>>> print(open('model13.cif').read())   # mmCIF, C-alpha atoms and all ligand atoms
data_coords
#
loop_
_atom_site.label_atom_id
_atom_site.label_comp_id
_atom_site.auth_asym_id
_atom_site.auth_seq_id
_atom_site.Cartn_x
_atom_site.Cartn_y
_atom_site.Cartn_z
CA MET G 1 -18.14 -3.88 6.91
CA ASN G 2 -17.30 -0.89 9.06
CA PHE G 3 -14.35 1.49 8.65
CA GLU G 4 -15.37 3.64 11.65
CA LEU G 5 -13.25 3.47 14.77
CA THR G 6 -15.08 3.00 18.07
CA GLU G 7 -15.13 5.85 20.59
CA VAL G 8 -12.53 4.04 22.71
CA GLN G 9 -10.28 3.52 19.67
CA LYS G 10 -10.60 7.22 18.74
CA ASP G 11 -9.70 8.18 22.34
CA ILE G 12 -6.59 5.97 22.31
CA GLN G 13 -5.55 7.43 18.96
CA LYS G 14 -6.00 11.00 20.21
CA MET G 15 -4.28 10.37 23.52
CA THR G 16 -1.24 8.68 21.94
CA ARG G 17 -1.02 11.31 19.17
CA GLU G 18 -0.91 14.08 21.77
CA PHE G 19 1.59 12.15 23.88
CA ALA G 20 3.86 11.65 20.85
CA ALA G 21 3.68 15.36 19.94
CA ARG G 22 4.50 16.39 23.51
CA GLU G 23 7.00 13.79 24.71
CA LEU G 24 8.47 11.95 21.73
CA ILE G 25 8.78 14.15 18.64
CA PRO G 26 10.86 16.80 20.48
CA ASN G 27 13.30 14.13 21.77
CA ALA G 28 13.52 11.39 19.13
CA LYS G 29 16.40 12.97 17.18
CA LYS G 30 18.49 13.45 20.33
CA TRP G 31 17.82 9.90 21.59
CA ASP G 32 18.84 8.53 18.20
CA GLU G 33 22.05 10.56 18.02
CA ASN G 34 23.07 9.73 21.58
CA HIS G 35 21.87 6.11 21.46
CA GLU G 36 19.94 7.08 24.58
CA TRP G 37 17.52 4.58 26.14
CA PRO G 38 14.13 6.41 26.46
CA THR G 39 13.73 5.88 30.21
CA ASP G 40 11.20 8.65 30.87
CA ALA G 41 9.12 7.84 27.78
CA LEU G 42 8.78 4.21 28.87
CA LYS G 43 7.81 5.29 32.38
CA LYS G 44 5.11 7.52 30.93
CA LEU G 45 3.90 4.79 28.56
CA ALA G 46 3.45 2.61 31.64
CA GLU G 47 1.46 5.35 33.39
CA LEU G 48 -0.81 5.52 30.33
CA SER G 49 -1.29 1.70 30.40
CA LEU G 50 0.36 1.37 27.00
CA LEU G 51 2.72 -1.48 27.86
CA GLY G 52 -0.01 -4.11 28.21
CA ILE G 53 -2.72 -2.65 25.99
CA ALA G 54 -4.49 -5.87 25.00
CA VAL G 55 -3.82 -7.73 28.27
CA PRO G 56 -6.98 -8.18 30.40
CA GLU G 57 -7.26 -5.72 33.30
CA GLN G 58 -7.28 -8.67 35.70
CA TRP G 59 -3.63 -9.29 34.70
CA GLY G 60 -2.46 -5.68 34.90
CA GLY G 61 -3.23 -4.59 31.34
CA ALA G 62 -5.58 -2.03 29.79
CA GLY G 63 -7.99 -4.70 28.48
CA LEU G 64 -8.35 -3.06 25.06
CA ASP G 65 -8.52 -4.64 21.61
CA ASN G 66 -5.75 -5.14 19.08
CA VAL G 67 -7.01 -2.38 16.77
CA SER G 68 -6.42 0.02 19.69
CA TYR G 69 -2.97 -1.52 20.03
CA ALA G 70 -2.24 -0.96 16.32
CA LEU G 71 -3.47 2.64 16.53
CA ALA G 72 -1.34 3.36 19.60
CA MET G 73 1.72 1.69 18.04
CA GLU G 74 1.35 3.87 14.91
CA GLU G 75 1.14 7.08 16.94
CA ILE G 76 4.02 6.24 19.30
CA SER G 77 6.21 5.17 16.36
CA ARG G 78 5.25 8.35 14.51
CA GLY G 79 6.88 10.14 17.45
CA CYS G 80 9.85 7.82 18.01
CA ALA G 81 10.42 4.51 16.22
CA SER G 82 12.73 3.27 18.98
CA THR G 83 10.14 3.83 21.69
CA GLY G 84 7.64 2.16 19.35
CA VAL G 85 9.54 -1.09 19.06
CA LEU G 86 10.20 -1.27 22.81
CA MET G 87 6.47 -0.87 23.36
CA SER G 88 5.79 -3.56 20.76
CA VAL G 89 8.23 -6.06 22.29
CA ASN G 90 6.71 -5.77 25.77
CA ASN G 91 3.13 -5.93 24.46
CA SER G 92 3.34 -8.45 21.63
CA LEU G 93 6.39 -10.58 22.23
CA TYR G 94 6.41 -10.80 26.01
CA CYS G 95 2.95 -10.16 27.51
CA ASP G 96 0.96 -11.78 24.70
CA PRO G 97 2.52 -15.30 24.95
CA VAL G 98 2.43 -15.20 28.77
CA ALA G 99 -1.26 -14.23 28.63
CA LYS G 100 -1.98 -16.93 26.06
CA PHE G 101 0.13 -19.85 27.30
CA GLY G 102 0.82 -19.06 30.98
CA THR G 103 -0.92 -20.66 33.96
CA ASP G 104 -2.73 -18.36 36.40
CA ALA G 105 0.20 -18.68 38.83
CA GLN G 106 2.64 -17.71 36.06
CA LYS G 107 0.43 -14.77 35.02
CA GLU G 108 0.40 -13.48 38.59
CA LYS G 109 4.19 -13.37 38.68
CA TRP G 110 5.27 -13.02 35.05
CA LEU G 111 2.45 -10.99 33.50
CA LYS G 112 0.90 -8.55 36.00
CA PRO G 113 3.97 -6.38 36.68
CA TYR G 114 5.00 -6.49 33.01
CA ALA G 115 1.59 -5.54 31.60
CA ALA G 116 1.46 -2.74 34.19
CA GLY G 117 4.86 -1.52 32.96
CA GLU G 118 6.57 -1.97 36.32
CA LYS G 119 8.90 -4.47 34.68
CA LEU G 120 10.06 -4.99 31.11
CA GLY G 121 10.06 -8.22 29.13
CA CYS G 122 11.85 -9.43 26.01
CA PHE G 123 11.73 -12.38 23.58
CA GLY G 124 14.63 -14.75 22.94
CA LEU G 125 14.22 -16.70 19.72
CA THR G 126 17.00 -15.46 17.41
CA GLU G 127 20.42 -17.11 17.55
CA PRO G 128 23.55 -16.67 15.42
CA GLN G 129 22.53 -19.80 13.42
CA ALA G 130 18.74 -19.48 13.86
CA GLY G 131 17.45 -16.22 12.39
CA SER G 132 14.99 -16.88 9.56
CA ASP G 133 15.34 -20.61 10.23
CA ALA G 134 13.87 -20.27 13.70
CA ALA G 135 13.51 -24.04 14.18
CA ALA G 136 17.32 -24.50 14.11
CA GLN G 137 17.65 -23.67 17.83
CA GLN G 138 21.07 -24.47 19.33
CA THR G 139 20.34 -23.30 22.89
CA VAL G 140 19.85 -26.51 24.82
CA ALA G 141 17.78 -27.17 27.96
CA VAL G 142 18.42 -30.47 29.76
CA LYS G 143 16.06 -31.68 32.49
CA LYS G 144 17.67 -32.47 35.85
CA GLY G 145 15.13 -33.31 38.55
CA ASP G 146 12.77 -30.39 38.92
CA ARG G 147 15.07 -28.02 37.03
CA TYR G 148 16.38 -27.46 33.52
CA ILE G 149 20.02 -26.60 32.83
CA ILE G 150 20.26 -24.18 29.91
CA ASN G 151 23.34 -23.52 27.77
CA GLY G 152 23.55 -21.43 24.61
CA SER G 153 23.20 -17.92 23.27
CA LYS G 154 20.74 -15.48 21.67
CA ASN G 155 21.44 -12.38 19.66
CA TRP G 156 19.70 -9.21 18.48
CA ILE G 157 17.41 -9.36 21.50
CA THR G 158 15.51 -6.07 21.47
CA ALA G 159 15.17 -4.62 25.01
CA GLY G 160 17.59 -7.37 26.13
CA PRO G 161 20.04 -5.00 27.85
CA LYS G 162 17.30 -3.67 30.16
CA ALA G 163 14.69 -6.44 30.38
CA ASP G 164 13.75 -8.06 33.70
CA ALA G 165 12.65 -11.34 32.10
CA ILE G 166 12.78 -13.16 28.81
CA VAL G 167 10.53 -15.64 27.03
CA LEU G 168 13.38 -17.97 26.11
CA PHE G 169 13.22 -20.65 23.40
CA THR G 170 15.41 -23.72 23.81
CA MET G 171 15.90 -27.14 22.28
CA THR G 172 14.86 -29.92 24.66
CA ASN G 173 14.88 -32.71 22.06
CA LYS G 174 17.09 -32.21 19.01
CA GLU G 175 15.82 -35.33 17.19
CA ALA G 176 12.27 -33.92 17.22
CA GLY G 177 13.14 -30.80 15.16
CA ASN G 178 10.64 -27.98 15.64
CA ARG G 179 8.65 -30.29 17.96
CA GLY G 180 11.66 -30.42 20.30
CA ILE G 181 11.55 -26.70 21.11
CA THR G 182 10.45 -25.55 24.57
CA ALA G 183 9.79 -22.04 25.93
CA PHE G 184 10.75 -20.85 29.42
CA LEU G 185 10.19 -17.73 31.49
CA VAL G 186 13.59 -16.67 32.78
CA PRO G 187 14.46 -13.69 34.98
CA THR G 188 17.52 -11.91 33.61
CA ASP G 189 19.24 -11.94 37.01
CA THR G 190 19.44 -15.75 36.98
CA LYS G 191 22.95 -17.09 37.71
CA GLY G 192 24.66 -17.97 34.41
CA PHE G 193 22.71 -15.31 32.41
CA LYS G 194 25.18 -12.92 30.73
CA ARG G 195 24.31 -9.88 28.63
CA MET G 196 26.72 -8.15 26.28
CA ALA G 197 26.92 -4.41 25.48
CA PRO G 198 24.14 -2.94 23.28
CA ASP G 199 24.52 -3.61 19.54
CA LYS G 200 25.61 -0.82 17.20
CA LYS G 201 22.91 -0.44 14.54
CA MET G 202 21.95 1.61 11.49
CA GLY G 203 18.66 2.84 13.01
CA ILE G 204 16.30 2.57 16.00
CA SER G 205 19.41 3.47 17.98
CA ALA G 206 17.56 4.21 21.23
CA ALA G 207 16.01 0.72 21.27
CA TRP G 208 18.90 -1.24 22.66
CA SER G 209 19.41 -4.86 21.68
CA CYS G 210 22.16 -7.27 22.65
CA THR G 211 23.67 -10.74 22.51
CA MET G 212 23.22 -12.90 25.60
CA TYR G 213 24.86 -16.11 26.83
CA PHE G 214 23.53 -18.82 29.15
CA GLU G 215 26.11 -20.86 30.98
CA ASP G 216 24.80 -23.77 33.07
CA MET G 217 21.80 -21.57 33.87
CA GLU G 218 19.35 -23.38 36.16
CA VAL G 219 15.65 -22.70 35.61
CA PRO G 220 12.88 -24.36 37.67
CA ALA G 221 10.55 -26.64 35.69
CA GLU G 222 7.62 -24.48 36.87
CA ASN G 223 8.97 -21.71 34.57
CA LEU G 224 8.15 -23.75 31.47
CA LEU G 225 5.75 -21.72 29.27
CA GLY G 226 3.20 -23.91 27.50
CA LYS G 227 4.10 -27.58 27.12
CA GLU G 228 7.49 -29.17 26.59
CA GLY G 229 8.05 -29.53 22.82
CA GLU G 230 5.42 -26.92 21.92
CA GLY G 231 7.73 -23.89 22.01
CA PHE G 232 7.84 -23.48 18.24
CA LYS G 233 4.08 -22.99 18.13
CA VAL G 234 4.35 -20.52 21.04
CA ALA G 235 6.97 -18.60 19.01
CA MET G 236 5.09 -18.67 15.70
CA SER G 237 1.69 -17.69 17.10
CA THR G 238 3.39 -14.92 19.12
CA LEU G 239 4.99 -13.59 15.94
CA ASP G 240 1.58 -13.55 14.22
CA GLY G 241 0.69 -10.85 16.78
CA GLY G 242 4.15 -9.24 16.83
CA ARG G 243 4.02 -8.66 13.09
CA ILE G 244 0.93 -6.47 13.62
CA GLY G 245 2.99 -4.37 16.04
CA ILE G 246 5.92 -4.00 13.63
CA ALA G 247 3.59 -3.27 10.70
CA SER G 248 2.05 -0.50 12.83
CA GLN G 249 5.52 0.78 13.66
CA ALA G 250 6.21 0.94 9.90
CA LEU G 251 2.99 2.97 9.44
CA GLY G 252 4.09 5.44 12.12
CA ILE G 253 7.55 5.94 10.60
CA ALA G 254 6.07 6.46 7.12
CA ARG G 255 3.52 8.92 8.47
CA ALA G 256 6.24 10.96 10.16
CA ALA G 257 8.11 11.14 6.84
CA LEU G 258 4.99 12.03 4.85
CA GLU G 259 3.79 14.74 7.25
CA GLU G 260 7.22 16.36 7.36
CA ALA G 261 7.58 16.22 3.55
CA ILE G 262 4.16 17.84 3.09
CA ARG G 263 5.10 20.62 5.49
CA TYR G 264 8.49 21.21 3.81
CA SER G 265 6.93 21.28 0.36
CA GLY G 266 5.07 24.41 1.47
CA GLU G 267 8.26 26.10 2.74
CA ARG G 268 10.82 25.37 0.04
CA LYS G 269 10.70 27.21 -3.27
CA SER G 270 12.22 26.26 -6.63
CA PHE G 271 11.74 27.75 -10.08
CA GLY G 272 9.82 30.62 -8.48
CA LYS G 273 7.17 28.60 -6.63
CA TYR G 274 6.69 26.33 -3.65
CA ILE G 275 7.83 22.82 -4.56
CA ARG G 276 4.34 21.48 -3.71
CA GLU G 277 3.10 23.42 -6.74
CA HIS G 278 5.20 21.17 -9.01
CA GLN G 279 3.32 18.14 -10.23
CA ALA G 280 6.40 15.96 -9.64
CA ILE G 281 6.08 16.58 -5.90
CA GLN G 282 2.28 16.29 -5.92
CA PHE G 283 2.49 12.86 -7.56
CA MET G 284 5.01 11.67 -4.97
CA ILE G 285 2.80 12.87 -2.12
CA ALA G 286 -0.28 11.25 -3.66
CA ASP G 287 1.51 7.90 -4.04
CA MET G 288 2.92 8.05 -0.50
CA ALA G 289 -0.48 8.76 1.06
CA THR G 290 -2.24 6.08 -0.99
CA GLU G 291 0.29 3.39 -0.09
CA LEU G 292 0.17 4.39 3.57
CA ASP G 293 -3.61 4.06 3.63
CA ALA G 294 -3.52 0.69 1.85
CA ALA G 295 -1.01 -0.60 4.40
CA ARG G 296 -3.12 0.65 7.30
CA LEU G 297 -6.16 -1.26 5.99
CA LEU G 298 -4.12 -4.48 5.92
CA VAL G 299 -2.82 -3.84 9.44
CA HIS G 300 -6.26 -3.14 10.89
CA ARG G 301 -7.71 -6.23 9.18
CA ALA G 302 -5.04 -8.42 10.80
CA ALA G 303 -5.70 -6.77 14.20
CA LEU G 304 -9.46 -7.33 13.81
CA LEU G 305 -8.88 -11.02 13.05
CA LYS G 306 -6.65 -11.34 16.12
CA ASP G 307 -9.47 -9.82 18.18
CA LYS G 308 -11.86 -12.39 16.73
CA GLY G 309 -9.54 -15.14 17.92
CA VAL G 310 -9.09 -16.69 14.47
CA ARG G 311 -5.75 -17.66 12.95
CA HIS G 312 -4.31 -14.62 11.18
CA SER G 313 -0.83 -15.77 10.14
CA GLN G 314 -1.36 -14.91 6.48
CA GLU G 315 -3.05 -11.56 7.13
CA SER G 316 -0.35 -10.53 9.63
CA ALA G 317 2.37 -11.54 7.17
CA MET G 318 0.69 -9.53 4.38
CA ALA G 319 0.34 -6.51 6.68
CA LYS G 320 3.97 -6.69 7.83
CA LEU G 321 5.30 -7.31 4.30
CA TYR G 322 3.37 -4.48 2.68
CA ALA G 323 3.66 -1.95 5.53
CA SER G 324 7.42 -2.41 5.96
CA GLU G 325 8.23 -2.19 2.24
CA MET G 326 5.79 0.74 1.92
CA SER G 327 7.64 2.47 4.77
CA GLY G 328 10.92 2.04 2.88
CA ARG G 329 9.45 3.58 -0.27
CA VAL G 330 7.64 6.42 1.54
CA THR G 331 10.62 7.45 3.70
CA ASN G 332 12.88 7.45 0.64
CA LYS G 333 10.44 9.61 -1.33
CA ALA G 334 10.19 11.99 1.63
CA LEU G 335 13.97 12.29 1.69
CA GLN G 336 13.87 13.01 -2.05
CA ILE G 337 11.35 15.83 -1.49
CA PHE G 338 13.76 17.36 1.04
CA GLY G 339 16.50 17.16 -1.63
CA GLY G 340 20.00 17.91 -0.31
CA MET G 341 18.57 18.81 3.09
CA GLY G 342 17.08 15.31 3.31
CA TYR G 343 20.57 13.86 3.22
CA SER G 344 21.66 16.16 6.05
CA LYS G 345 21.73 15.05 9.69
CA GLU G 346 20.04 18.38 10.49
CA MET G 347 16.71 16.95 9.30
CA ASP G 348 14.73 13.92 10.46
CA ALA G 349 14.24 12.55 6.93
CA GLU G 350 17.41 10.44 6.99
CA ARG G 351 16.50 8.98 10.42
CA HIS G 352 13.12 7.87 9.10
CA VAL G 353 14.84 6.04 6.20
CA ARG G 354 17.20 4.29 8.66
CA ASP G 355 14.41 3.46 11.11
CA ALA G 356 12.11 2.10 8.40
CA ARG G 357 14.76 -0.29 7.09
CA ILE G 358 14.67 -2.64 10.08
CA THR G 359 10.94 -3.24 9.72
CA GLU G 360 11.74 -5.29 6.57
CA ILE G 361 14.08 -7.48 8.65
CA TYR G 362 13.00 -8.14 12.25
CA GLU G 363 10.08 -10.32 13.28
CA GLY G 364 10.59 -12.14 9.99
CA THR G 365 12.22 -10.68 6.88
CA SER G 366 10.09 -9.75 3.87
CA GLU G 367 11.20 -13.06 2.33
CA ILE G 368 9.86 -14.98 5.39
CA GLN G 369 6.54 -13.12 5.13
CA ARG G 370 6.31 -14.19 1.47
CA ILE G 371 7.01 -17.79 2.53
CA VAL G 372 4.21 -17.65 5.12
CA ILE G 373 1.76 -16.11 2.62
CA ALA G 374 2.62 -18.55 -0.18
CA ALA G 375 2.51 -21.56 2.19
CA ASN G 376 -1.03 -20.58 3.22
CA LEU G 377 -2.17 -20.11 -0.38
CA LEU G 378 -0.60 -23.33 -1.65
CA LYS G 379 -1.34 -25.67 1.25
CA ASP G 380 -4.13 -27.73 -0.38
N1 LIG R 401 0.85 -20.56 14.62
C1 LIG R 401 0.79 -21.81 15.16
N2 LIG R 401 1.54 -22.85 14.67
C2 LIG R 401 2.34 -22.60 13.62
C3 LIG R 401 2.44 -21.32 13.03
C4 LIG R 401 1.64 -20.28 13.57
N3 LIG R 401 1.68 -19.04 13.05
N4 LIG R 401 3.33 -21.38 12.02
C5 LIG R 401 3.77 -22.65 11.95
N5 LIG R 401 3.17 -23.37 12.92
C6 LIG R 401 3.35 -24.80 13.18
C7 LIG R 401 2.99 -25.59 11.93
O1 LIG R 401 1.62 -25.89 11.89
C8 LIG R 401 3.83 -26.84 12.10
O2 LIG R 401 3.17 -27.69 13.03
P1 LIG R 401 3.21 -29.30 12.88
O3 LIG R 401 4.66 -29.68 12.98
O4 LIG R 401 2.38 -29.78 14.01
O5 LIG R 401 2.64 -29.58 11.53
C9 LIG R 401 5.09 -26.32 12.77
O6 LIG R 401 4.73 -25.09 13.40
C10 LIG R 401 6.22 -26.09 11.80
O7 LIG R 401 5.77 -25.21 10.80
P2 LIG R 401 6.60 -24.99 9.45
O8 LIG R 401 6.89 -26.33 8.81
O9 LIG R 401 5.91 -23.96 8.64
O10 LIG R 401 8.01 -24.45 10.03
P3 LIG R 401 9.36 -24.02 9.32
O11 LIG R 401 10.49 -24.56 10.07
O12 LIG R 401 9.27 -24.28 7.84
O13 LIG R 401 9.43 -22.43 9.60
C11 LIG R 401 9.03 -20.13 9.14
C12 LIG R 401 8.49 -21.58 9.22
C13 LIG R 401 7.84 -19.32 8.71
C14 LIG R 401 10.15 -19.96 8.13
C15 LIG R 401 9.53 -19.70 10.57
O14 LIG R 401 10.74 -20.33 10.89
C16 LIG R 401 9.67 -18.20 10.73
O15 LIG R 401 8.68 -17.49 10.93
N6 LIG R 401 10.93 -17.68 10.65
C17 LIG R 401 11.18 -16.28 10.97
C18 LIG R 401 11.53 -16.11 12.40
C19 LIG R 401 11.27 -14.74 12.90
O16 LIG R 401 10.31 -14.08 12.54
N7 LIG R 401 12.12 -14.30 13.81
C20 LIG R 401 11.92 -13.05 14.46
C21 LIG R 401 12.65 -13.01 15.75
S1 LIG R 401 11.94 -11.95 16.95
C22 LIG R 401 12.39 -10.40 16.56
O17 LIG R 401 12.84 -10.10 15.50
C23 LIG R 401 12.09 -9.40 17.64
C24 LIG R 401 12.70 -8.06 17.49
O18 LIG R 401 13.87 -7.88 17.33
C25 LIG R 401 11.82 -6.91 17.65
#
>>> encode(input="model13.cif", output="structure tokens")
Amino acid sequence: MNFELTEVQKDIQKMTREFAARELIPNAKKWDENHEWPTDALKKLAELSLLGIAVPEQWGGAGLDNVSYALAMEEISRGCASTGVLMSVNNSLYCDPVAKFGTDAQKEKWLKPYAAGEKLGCFGLTEPQAGSDAAAQQTVAVKKGDRYIINGSKNWITAGPKADAIVLFTMTNKEAGNRGITAFLVPTDTKGFKRMAPDKKMGISAAWSCTMYFEDMEVPAENLLGKEGEGFKVAMSTLDGGRIGIASQALGIARAALEEAIRYSGERKSFGKYIREHQAIQFMIADMATELDAARLLVHRAALLKDKGVRHSQESAMAKLYASEMSGRVTNKALQIFGGMGYSKEMDAERHVRDARITEIYEGTSEIQRIVIAANLLKD
């Protein structure tokens, strides 16, 4: 067992920490308030090869491991949770399934420019009636010669308003249930592809998401990702990786809250001393740091297993469940340490609480993670 990061992993951590301090922390509050898409930050992430971290260099990525990805996601999300999730969607939910299930011809067209950050991808699984119950897909794809005609809708698609392509899940055989689901690669400028205005949300306001509609949208059969009827497995195994990204985002948000609370506890005085000299505050800080570390260990274990190429559904679910709920507790305690000022829009504490909340919902709610964990433990 080895808790030491490699030299490359330490370099990635340092580089992304410095980038976050320079480019993200000074802007995150403004982007959140203005619901401003972080155009420049994404451009710079691309220049640093952070939009296809674990994609082989041959296909435009940085060719690093998933622990490096988790480290980078934590640092970027420590700077700006919105930028963090956009990075996670392109890496985990778009590039990863194309790298894993795409043919070489598809990778040339649908992976290289996306892993290099020249284009942006998104992931279309969620529908109004298929959130947690992801197998209940209503978007239908009907084969017609060498094309499929797609009709339906998706909602809450993170990066949807700006993405150049989507990994789109459809039902090709309703009778077959989850074995009737098929994934396609679809450019967002396809005729019949309509995107609505960005959603209004409680947090991660700079990471735009939207509803989209497909009306008699024609997609060539060559855009099928994986095999017909195997889309559900594409989606589920993709989410096993995505949950590592979101768990790392939760770590980053919690760390921002903890670091700021520690700093403030040395500035604010009550009862004649700095609040960090009160045991009540010390105990909160000790609990926050311990939980954060425990979550990080779970996240890095899941990333290590992904690097080993073994199934890591349970470990990813545990990491996402614990890290997201930890982030909720830690950001709330940080706000408590700030007292009245924590409730003020002047401080970042309230933003961290709002940003942390979504990590318990997207890429599978906490309840779905518990279902995945229990199903693995009780399967025999
Ligand atoms: N890898 C490979 N195959 C898997 C798998 C995995 N991780 N999980 C399940 N499967 C396979 C099963 O082996 C099974 O295969 P067979 O039919 O051959 O036996 C098949 O898939 C069906 O499995 P289940 O019976 O477990 O499926 P289910 O219908 O009961 O659903 C679920 C399971 C865990 C509840 C699933 O629906 C789920 O994860 N729901 C949550 C969806 C989700 O996370 N959505 C997030 C949307 S993306 C997003 O949020 C992005 C964003 O905004 C940032």
>>> residues_around(input="model13.cif", residues="range 209-215 of chain G", least_positions_apart="4", cutoff="7 Å", atoms="all atoms listed in the file", output="list of chain:residue names")
G:Ile150, G:Asn151, G:Gly152, G:Ser153, G:Lys154, G:Asn155, G:Trp156, G:Ile157, G:Thr158, G:Ala159, G:Gly160, G:Pro161, G:Gly192, G:Phe193, G:Lys194, G:Arg195, G:Met196, G:Ala197, G:Pro198, G:Asp199
>>> axis_aligned_box(input="model13.cif", around="ligand LIG 401 (chain R)", padding_each_side="5 Å", output="AutoDock Vina command-line options")
--center_x 7.3 --center_y -18.3 --center_z 12.7 --size_x 23.1 --size_y 32.9 --size_z 19.8
>>> closest_atom_pairs(input="model13.cif", of="chain G", to="ligand LIG 401 (chain R)", cutoff="6 Å", atoms="all atoms listed in the file", output="Markdown table")
| residue | atom | partner | partner_atom | distance |
| --- | --- | --- | --- | --- |
| G:Val89 | CA | R:LIG401 | C25 | 5.9 |
| G:Leu125 | CA | R:LIG401 | C21 | 5.6 |
| G:Thr126 | CA | R:LIG401 | C21 | 5.3 |
| G:Gly131 | CA | R:LIG401 | N7 | 5.8 |
| G:Ser132 | CA | R:LIG401 | C17 | 4.1 |
| G:Asp133 | CA | R:LIG401 | O14 | 4.7 |
| G:Ala134 | CA | R:LIG401 | O14 | 4.2 |
| G:Ala135 | CA | R:LIG401 | O11 | 5.1 |
| G:Ile157 | CA | R:LIG401 | O18 | 5.7 |
| G:Thr158 | CA | R:LIG401 | O18 | 4.8 |
| G:Phe232 | CA | R:LIG401 | O6 | 6.0 |
| G:Lys233 | CA | R:LIG401 | N2 | 4.3 |
| G:Met236 | CA | R:LIG401 | N3 | 4.3 |
| G:Ser237 | CA | R:LIG401 | N1 | 3.9 |
| G:Asp240 | CA | R:LIG401 | N3 | 5.6 |
| G:Ser313 | CA | R:LIG401 | N3 | 5.0 |
| G:Tyr362 | CA | R:LIG401 | O17 | 3.8 |
| G:Glu363 | CA | R:LIG401 | C20 | 3.5 |
| G:Gly364 | CA | R:LIG401 | O16 | 3.2 |
| G:Ile368 | CA | R:LIG401 | C14 | 5.7 |
| G:Val372 | CA | R:LIG401 | C13 | 5.4 |
>>> residues_around(input="model13.cif", residues="range 10-16 of chain G", least_positions_apart="4", cutoff="8 Å", atoms="all atoms listed in the file", output="number ranges by chain")
G: 5-6, 20, 68, 71-72, 75-76
>>> closest_residue(input="model13.cif", among="G:Ser205, G:Asn223, G:Gly102, G:Gly231", to="Glu33 in chain G", atoms="all atoms listed in the file")
G:Ser205
>>> atom_distance(input="model13.cif", atom1="CA of Trp59 in chain G", atom2="CA of Lys112 in chain G")
4.8 Å
>>> atom_distance(input="model13.cif", atom1="CA of Phe338 in chain G", atom2="CA of His278 in chain G")
13.7 Å
>>> residues_around(input="model13.cif", residues="Lys320 in chain G", least_positions_apart="3", cutoff="9 Å", atoms="all atoms listed in the file", output="VMD selection string")
chain G and resid 243 to 248 250 295 298 to 299 315 to 317 323 to 325 359 to 360 363 to 364 366 369
>>> residues_around(input="model13.cif", residues="Ala261 in chain G", least_positions_apart="4", cutoff="7 Å", atoms="only C-alpha atoms", output="list in words")
Ala257, Ser265, Ala334, Ile337 and Phe338 of chain G
>>> write_last_selection(input="model13.cif", atoms="C-alpha atoms", output="mmCIF file, in the frame of the given file")
data_model
loop_
_atom_site.group_PDB
_atom_site.id
_atom_site.type_symbol
_atom_site.label_atom_id
_atom_site.label_comp_id
_atom_site.auth_asym_id
_atom_site.auth_seq_id
_atom_site.Cartn_x
_atom_site.Cartn_y
_atom_site.Cartn_z
ATOM 1 C CA ALA G 257 8.110 11.140 6.840
ATOM 2 C CA SER G 265 6.930 21.280 0.360
ATOM 3 C CA ALA G 334 10.190 11.990 1.630
ATOM 4 C CA ILE G 337 11.350 15.830 -1.490
ATOM 5 C CA PHE G 338 13.760 17.360 1.040
#
>>> build_atoms(input="model13.cif", residues="range 40-47 of chain G", atoms="N, CA, C and O atoms", output="PDB file, in the coordinates of the input")
ATOM      1  N   ASP G  40      12.397   7.899  30.447  1.00  0.00           N
ATOM      2  CA  ASP G  40      11.200   8.650  30.870  1.00  0.00           C
ATOM      3  C   ASP G  40       9.996   8.305  30.003  1.00  0.00           C
ATOM      4  O   ASP G  40       8.872   8.191  30.499  1.00  0.00           O
ATOM      5  N   ALA G  41      10.244   8.158  28.692  1.00  0.00           N
ATOM      6  CA  ALA G  41       9.120   7.840  27.780  1.00  0.00           C
ATOM      7  C   ALA G  41       8.493   6.511  28.179  1.00  0.00           C
ATOM      8  O   ALA G  41       7.261   6.380  28.216  1.00  0.00           O
ATOM      9  N   LEU G  42       9.325   5.525  28.505  1.00  0.00           N
ATOM     10  CA  LEU G  42       8.780   4.210  28.870  1.00  0.00           C
ATOM     11  C   LEU G  42       8.002   4.295  30.183  1.00  0.00           C
ATOM     12  O   LEU G  42       6.950   3.661  30.341  1.00  0.00           O
ATOM     13  N   LYS G  43       8.507   5.111  31.100  1.00  0.00           N
ATOM     14  CA  LYS G  43       7.810   5.290  32.380  1.00  0.00           C
ATOM     15  C   LYS G  43       6.417   5.891  32.130  1.00  0.00           C
ATOM     16  O   LYS G  43       5.404   5.457  32.686  1.00  0.00           O
ATOM     17  N   LYS G  44       6.397   6.868  31.228  1.00  0.00           N
ATOM     18  CA  LYS G  44       5.110   7.520  30.930  1.00  0.00           C
ATOM     19  C   LYS G  44       4.173   6.595  30.146  1.00  0.00           C
ATOM     20  O   LYS G  44       2.958   6.626  30.344  1.00  0.00           O
ATOM     21  N   LEU G  45       4.744   5.773  29.279  1.00  0.00           N
ATOM     22  CA  LEU G  45       3.900   4.790  28.560  1.00  0.00           C
ATOM     23  C   LEU G  45       3.242   3.857  29.569  1.00  0.00           C
ATOM     24  O   LEU G  45       2.067   3.496  29.426  1.00  0.00           O
ATOM     25  N   ALA G  46       4.007   3.486  30.597  1.00  0.00           N
ATOM     26  CA  ALA G  46       3.450   2.610  31.640  1.00  0.00           C
ATOM     27  C   ALA G  46       2.302   3.312  32.360  1.00  0.00           C
ATOM     28  O   ALA G  46       1.241   2.714  32.593  1.00  0.00           O
ATOM     29  N   GLU G  47       2.511   4.592  32.692  1.00  0.00           N
ATOM     30  CA  GLU G  47       1.460   5.350  33.390  1.00  0.00           C
ATOM     31  C   GLU G  47       0.186   5.425  32.553  1.00  0.00           C
ATOM     32  O   GLU G  47      -0.919   5.474  33.077  1.00  0.00           O
TER      33      GLU G  47
END
